[in-house]
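A.B. asks: Provided herewith: upload_18.txt, compact mmCIF, C-alpha atoms.
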# COMPACT_ATOMS: atom_id res chain seq x y z
CA MET A 5 -136.47 -80.52 31.31
CA ASP A 6 -133.21 -78.93 30.22
CA GLU A 7 -132.32 -75.71 31.99
CA VAL A 8 -131.18 -72.57 30.16
CA GLU A 9 -127.54 -71.80 30.95
CA VAL A 10 -126.21 -68.33 30.21
CA VAL A 11 -122.71 -68.98 28.84
CA VAL A 12 -121.83 -65.34 28.22
CA ALA A 13 -123.94 -62.20 27.93
CA HIS A 14 -123.24 -58.51 27.43
CA SER A 15 -124.71 -55.61 25.50
CA GLU A 16 -123.40 -56.80 22.12
CA ARG A 17 -124.35 -60.47 22.13
CA ALA A 18 -125.30 -63.44 24.27
CA THR A 19 -124.78 -67.20 24.15
CA LEU A 20 -127.19 -69.60 25.85
CA ARG A 21 -127.02 -73.36 26.25
CA VAL A 22 -130.12 -75.57 26.29
CA GLY A 23 -129.16 -79.22 26.56
CA ASP A 24 -126.88 -80.01 23.63
CA VAL A 25 -127.74 -76.85 21.70
CA PHE A 26 -126.06 -73.46 21.90
CA LEU A 27 -128.09 -70.41 20.92
CA LYS A 28 -126.06 -67.38 19.86
CA VAL A 29 -128.00 -64.11 19.85
CA ASP A 30 -126.34 -61.28 17.95
CA VAL A 31 -128.05 -58.21 16.54
CA ASP A 32 -125.13 -57.77 14.12
CA GLN A 33 -126.27 -59.94 11.21
CA ALA A 34 -122.96 -59.44 9.40
CA ARG A 35 -121.12 -60.96 12.35
CA LEU A 36 -123.32 -64.08 12.30
CA ASP A 37 -122.89 -64.34 8.52
CA ALA A 38 -119.11 -64.14 8.93
CA GLU A 39 -119.16 -66.84 11.61
CA VAL A 40 -121.14 -69.30 9.51
CA GLU A 41 -118.96 -68.60 6.48
CA ALA A 42 -115.75 -69.10 8.45
CA MET A 43 -116.94 -72.42 9.91
CA SER A 44 -117.78 -73.66 6.42
CA LEU A 45 -114.29 -72.80 5.16
CA ALA A 46 -112.13 -73.80 8.14
CA PRO A 47 -110.21 -77.10 7.67
CA VAL A 48 -110.59 -77.98 11.37
CA PRO A 49 -113.54 -79.44 13.32
CA THR A 50 -116.29 -76.88 13.97
CA PRO A 51 -119.78 -77.10 15.49
CA GLN A 52 -122.68 -78.24 13.33
CA VAL A 53 -125.04 -75.41 12.40
CA LEU A 54 -128.55 -76.62 13.29
CA TRP A 55 -130.58 -73.63 12.13
CA ARG A 56 -130.53 -69.87 11.71
CA LYS A 57 -133.30 -67.38 12.37
CA PRO A 58 -131.80 -63.90 12.76
CA PRO A 59 -130.76 -62.74 15.25
CA VAL A 60 -130.28 -66.33 16.52
CA LEU A 61 -127.81 -68.99 15.38
CA ALA A 62 -128.27 -72.52 16.78
CA ILE A 63 -125.25 -74.83 16.85
CA ALA A 64 -124.67 -78.29 18.28
CA ALA A 65 -122.48 -78.79 21.34
CA LEU A 66 -119.06 -80.34 20.82
CA THR A 67 -117.74 -83.44 22.51
CA GLY A 68 -114.76 -83.21 24.83
CA THR A 69 -113.65 -80.43 27.14
CA THR A 70 -111.53 -77.30 26.92
CA LEU A 71 -107.91 -77.19 28.06
CA GLY A 72 -108.79 -74.74 30.81
CA SER A 73 -109.79 -71.11 31.07
CA LEU A 74 -108.16 -67.74 31.55
CA GLY A 75 -107.58 -67.34 35.26
CA GLY A 76 -108.02 -71.06 35.92
CA PRO A 77 -105.66 -74.01 35.88
CA SER A 78 -104.64 -75.46 32.54
CA THR A 79 -105.53 -79.09 31.96
CA GLY A 80 -104.66 -81.73 29.42
CA SER A 81 -101.45 -83.48 28.54
CA PRO A 82 -98.58 -81.89 26.61
CA ALA A 83 -99.77 -83.99 23.65
CA ALA A 84 -103.22 -82.40 23.85
CA TRP A 85 -101.71 -78.93 23.79
CA ALA A 86 -99.49 -79.96 20.89
CA ALA A 87 -102.58 -81.27 19.06
CA ALA A 88 -104.18 -77.86 19.52
CA GLY A 89 -101.04 -76.28 18.08
CA ALA A 90 -101.21 -78.61 15.07
CA ALA A 91 -104.87 -77.73 14.48
CA ILE A 92 -104.06 -74.02 14.63
CA ARG A 93 -101.27 -74.51 12.10
CA LYS A 94 -103.67 -76.37 9.78
CA LEU A 95 -106.03 -73.41 9.96
CA HIS A 96 -103.27 -70.91 9.28
CA ASP A 97 -102.07 -72.89 6.25
CA ALA A 98 -105.54 -73.01 4.68
CA PRO A 99 -106.58 -70.84 1.71
CA LEU A 100 -107.39 -67.31 2.81
CA PRO A 101 -111.01 -66.44 3.57
CA PRO A 102 -112.48 -63.54 1.58
CA ARG A 103 -112.51 -60.90 4.32
CA PRO A 104 -110.16 -59.48 6.98
CA GLY A 105 -110.74 -60.57 10.56
CA ARG A 106 -110.10 -59.28 14.06
CA ALA A 107 -106.48 -60.38 13.79
CA GLY A 108 -106.13 -58.45 10.53
CA ARG A 109 -106.30 -54.87 11.75
CA SER A 110 -103.63 -52.66 10.22
CA ILE A 111 -100.59 -51.53 12.17
CA THR A 112 -101.74 -47.93 11.79
CA ALA A 113 -105.17 -48.71 13.24
CA LEU A 114 -103.69 -50.73 16.10
CA VAL A 115 -101.19 -48.02 17.04
CA ALA A 116 -103.95 -45.41 17.14
CA GLU A 117 -106.26 -47.67 19.18
CA LEU A 118 -103.48 -48.68 21.57
CA ASP A 119 -102.25 -45.13 22.16
CA ASP A 120 -105.80 -43.94 22.79
CA GLU A 121 -106.56 -46.78 25.17
CA CYS A 122 -103.34 -46.36 27.13
CA GLU A 123 -104.17 -42.68 27.58
CA ARG A 124 -107.64 -43.58 28.85
CA LEU A 125 -106.21 -46.14 31.27
CA VAL A 126 -103.87 -43.54 32.73
CA THR A 127 -106.42 -40.71 32.81
CA ASN A 128 -109.06 -42.87 34.50
CA GLY A 129 -106.59 -44.42 36.93
CA VAL A 130 -107.48 -47.95 35.85
CA LEU A 131 -103.87 -49.16 35.98
CA PRO A 132 -100.56 -47.72 37.25
CA ALA A 133 -98.80 -45.56 34.68
CA ASP A 134 -95.55 -47.53 34.90
CA LEU A 135 -97.39 -50.81 34.23
CA ILE A 136 -99.05 -49.28 31.16
CA ALA A 137 -95.81 -47.78 29.87
CA ARG A 138 -93.86 -51.03 30.23
CA ASN A 139 -96.50 -53.09 28.44
CA ARG A 140 -96.89 -50.46 25.72
CA GLN A 141 -93.17 -50.96 25.13
CA VAL A 142 -93.53 -54.76 25.04
CA ALA A 143 -96.53 -54.48 22.71
CA GLN A 144 -94.39 -52.72 20.11
CA ALA A 145 -92.96 -56.10 19.03
CA ALA A 146 -96.37 -57.14 17.69
CA LEU A 147 -96.64 -54.04 15.52
CA ARG A 148 -94.71 -55.29 12.53
CA PRO A 149 -95.48 -56.47 8.98
CA TRP A 150 -97.01 -59.96 8.74
CA THR A 151 -98.14 -62.36 6.05
CA PRO A 152 -101.94 -62.86 6.04
CA ALA A 153 -103.22 -66.22 7.25
CA PHE A 154 -106.64 -67.76 7.89
CA THR A 155 -107.10 -66.71 11.52
CA HIS A 156 -109.79 -67.43 14.10
CA GLY A 157 -109.46 -63.97 15.63
CA ASP A 158 -110.70 -64.87 19.13
CA LEU A 159 -108.91 -68.14 19.83
CA GLN A 160 -109.32 -68.14 23.60
CA ILE A 161 -108.44 -71.35 25.42
CA ALA A 162 -112.15 -71.83 26.18
CA HIS A 163 -112.91 -72.00 22.45
CA VAL A 164 -110.87 -75.14 21.69
CA PHE A 165 -112.25 -78.56 22.70
CA VAL A 166 -110.25 -81.77 23.01
CA ASP A 167 -111.02 -85.38 23.85
CA GLY A 168 -107.89 -87.02 25.15
CA ASP A 169 -105.16 -85.87 22.78
CA GLU A 170 -107.48 -85.09 19.86
CA VAL A 171 -109.05 -81.73 18.97
CA THR A 172 -112.81 -82.25 18.62
CA GLY A 173 -113.75 -78.73 17.61
CA ILE A 174 -113.22 -74.99 17.74
CA ILE A 175 -116.10 -72.61 18.47
CA ASP A 176 -116.92 -68.88 18.18
CA TRP A 177 -115.77 -67.84 14.70
CA SER A 178 -117.37 -64.39 14.51
CA GLU A 179 -113.97 -62.63 14.43
CA ALA A 180 -112.39 -64.97 11.84
CA GLY A 181 -110.75 -63.82 8.65
CA GLN A 182 -107.41 -62.84 7.19
CA GLY A 183 -104.95 -61.83 9.90
CA ASP A 184 -101.71 -62.28 11.80
CA ALA A 185 -101.16 -65.94 12.70
CA LEU A 186 -99.23 -65.06 15.86
CA TYR A 187 -102.27 -63.18 17.17
CA ASP A 188 -104.11 -66.52 17.35
CA LEU A 189 -101.20 -68.28 19.08
CA ALA A 190 -100.88 -65.47 21.60
CA THR A 191 -104.61 -65.42 22.31
CA PHE A 192 -104.68 -69.18 22.84
CA THR A 193 -101.79 -69.13 25.31
CA LEU A 194 -102.74 -65.88 27.12
CA GLY A 195 -102.35 -66.49 30.84
CA HIS A 196 -100.87 -69.94 30.24
CA GLU A 197 -97.31 -69.12 29.23
CA GLU A 198 -96.15 -72.44 30.66
CA ARG A 199 -97.97 -74.25 27.81
CA LEU A 200 -96.49 -72.21 24.98
CA ASP A 201 -93.67 -74.69 24.25
CA ASP A 202 -96.17 -77.55 23.87
CA VAL A 203 -98.33 -75.51 21.50
CA ILE A 204 -95.34 -74.47 19.40
CA ALA A 205 -94.14 -78.11 19.26
CA GLY A 206 -97.46 -79.04 17.65
CA TYR A 207 -97.51 -75.93 15.46
CA GLY A 208 -94.26 -77.13 13.96
CA THR A 209 -92.34 -74.00 13.07
CA ASP A 210 -90.14 -71.42 14.74
CA ILE A 211 -92.05 -68.61 16.44
CA ASP A 212 -90.81 -65.14 17.41
CA LEU A 213 -91.51 -65.21 21.15
CA ASP A 214 -91.12 -61.44 21.45
CA VAL A 215 -94.07 -61.04 19.08
CA ILE A 216 -96.15 -63.47 21.16
CA ARG A 217 -95.33 -61.50 24.31
CA GLY A 218 -96.12 -58.31 22.43
CA TRP A 219 -99.58 -59.59 21.56
CA TRP A 220 -100.16 -60.69 25.18
CA SER A 221 -99.49 -57.13 26.31
CA LEU A 222 -101.34 -55.48 23.43
CA ARG A 223 -104.47 -57.61 23.74
CA SER A 224 -104.57 -57.15 27.52
CA LEU A 225 -104.12 -53.37 27.35
CA LEU A 226 -106.90 -53.02 24.80
CA ILE A 227 -109.46 -55.12 26.66
CA VAL A 228 -109.02 -54.37 30.38
CA ARG A 229 -111.34 -51.36 30.45
CA TRP A 230 -113.97 -53.02 28.22
CA LEU A 231 -114.06 -56.09 30.45
CA ALA A 232 -114.47 -54.01 33.60
CA GLU A 233 -117.29 -51.99 32.02
CA HIS A 234 -119.17 -55.12 30.89
CA GLY A 235 -119.26 -57.06 34.15
CA PHE A 236 -116.07 -59.11 33.80
CA ASP A 237 -113.07 -58.99 36.13
CA PRO A 238 -109.69 -58.53 34.41
CA PHE A 239 -108.13 -58.13 37.89
CA ALA A 240 -108.98 -61.73 38.89
CA PRO A 241 -105.91 -63.94 39.54
CA GLY A 242 -104.34 -65.14 36.31
CA CYS A 243 -106.34 -62.80 34.09
CA GLU A 244 -105.39 -59.81 31.96
CA VAL A 245 -103.96 -57.55 34.67
CA ASP A 246 -101.76 -60.38 35.95
CA VAL A 247 -100.61 -60.93 32.35
CA LEU A 248 -99.57 -57.28 32.23
CA ARG A 249 -97.84 -57.48 35.63
CA SER A 250 -95.82 -60.51 34.47
CA ARG A 251 -93.99 -58.28 31.99
CA MET A 252 -92.60 -55.98 34.71
When written as structure tokens, how does the structure in this file appear?
C.D. replies:
Amino acid sequence: MDEVEVVVAHSERATLRVGDVFLKVDVDQARLDAEVEAMSLAPVPTPQVLWRKPPVLAIAALTGTTLGSLGGPSTGSPAAWAAAGAAIRKLHDAPLPPRPGRAGRSITALVAELDDECERLVTNGVLPADLIARNRQVAQAALRPWTPAFTHGDLQIAHVFVDGDEVTGIIDWSEAGQGDALYDLATFTLGHEERLDDVIAGYGTDIDLDVIRGWWSLRSLLIVRWLAEHGFDPFAPGCEVDVLRSRM
């Protein structure tokens, strides 16, 4: 009998694996609707939707493996990382989806959220004030006008599967929509800066590295406190706090 594996679980949603089926439980029906819609529109391999019965979405497991995880070693050949870059570029070049995504928040909204979060981090003593100030400065590079693209919105390294040097699928599309393409590239390479050149080689166009670094800092500052409050460890080696320290 297949065992139930808890892939991720917190107060907002949970993902379980039973054999070759993933069960996503999300009380936000709009988020599940957005995920299914994005997978149907994306011009890259995505999981097969097996069935839906709110609040559960059942999808088939993908073949292959991920290129690593945040805080863990990166795996795969340079060609595999380049293939991931090429797949991301194909997504970004696709016709725009109908709604904004996580990567599509306005500069005004991001500035307000970032300033508020930095103040909370200082007030609560979560991180040293000089570390916060330096990364707030670095994050400024990401706060600039951008041309909307079809973005995944949560393109963590653990969400892209490869088999050899071929991308077999991309999972977890609940944050997809119109957004800043460099947000996706920064999310994918977060904590694995040494792979950025390979990804850009596959992506096939010049990238403003200061913006990528800005998104690394911005994303990490915004999520450290949330992670700590939901049972995750952003202070683990190679994770978000180390990303912030690398900018000092």
A.B. asks: So which residues fall inside 12 Å of (-98.1, -64.4, 15.4) if we count only C-alpha atoms? Mind giving them as a PyMOL selection string?
C.D. replies: chain A and resi 92-93+96+107-108+145-155+157+183-193+204+207+209-220
A.B. asks: Which residue out of A:Glu170, A:Asp158, A:Glu233, A:Asp24 has the minimum interatomic distance to Gly105 in chain A when all atoms listed in the file are used?
C.D. replies: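 Of A:Glu170, A:Asp158, A:Glu233, A:Asp24, the one nearest Gly105 in chain A is A:Asp158, counting all atoms listed in the file.
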A.B. asks: Have a look at CA of Asp202 in chain A and CA of Trp85 in chain A and let me know their distance in Å, one decimal.
C.D. replies: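 So the answer is 5.7 Å.
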A.B. asks: Of the candidates A:Thr70, A:Ser110, A:Ser250, A:Thr172, which shows the shortest atom-to-atom distance to Gly195 in chain A, using all atoms listed in the file?
C.D. replies: A:Ser250
A.B. asks: When distances are computed from all atoms listed in the file, which of A:Glu41, A:Asp169, A:Glu244, A:Glu16 shows the smallest separation from Lys28 in chain A?
C.D. replies: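 Among A:Glu41, A:Asp169, A:Glu244, A:Glu16, it is A:Glu16 that comes nearest to Lys28 in chain A.
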A.B. asks: Just to confirm, what's the straight-line distance from CA of Thr67 in chain A to CA of Gly181 in chain A in Å (one decimal)?
C.D. replies: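 Answer for the CA of Thr67 in chain A to CA of Gly181 in chain A separation: 25.0 Å.
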A.B. asks: Can you work out the spacing between CA of Thr19 in chain A and CA of Leu95 in chain A in Å, to one decimal?
C.D. replies: 24.3 Å
A.B. asks: Would you list the contacts of Asp6 in chain A as a VMD selection string, taking every protein, DNA or RNA residue within 10 Å and counting only C-alpha atoms, but skipping same-chain residues closer than 3 positions in sequence?
C.D. replies: chain A and resid 9 21 to 24
A.B. asks: For Ile227 in chain A, which residue among A:Arg124, A:Asp30, A:Gly173, A:Pro241 is the nearest when counting all atoms listed in the file?
C.D. replies: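 Once distances to Ile227 in chain A are computed over all atoms listed in the file, the minimum belongs to A:Arg124.
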A.B. asks: Pick out the closest residue to Pro102 in chain A from this set: A:Gln182, A:Ile136, A:Gln52, A:Ser81. Count all atoms listed in the file.
C.D. replies: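 Checking each of A:Gln182, A:Ile136, A:Gln52, A:Ser81 against Pro102 in chain A, counting all atoms listed in the file, the winner is A:Gln182.
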A.B. asks: Measuring atom to atom with all atoms listed in the file, identify which of A:Ala62, A:Ala133, A:Val166, A:Val247 is nearest to Val228 in chain A.
C.D. replies: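 Distance minimum relative to Val228 in chain A lands on A:Val247.
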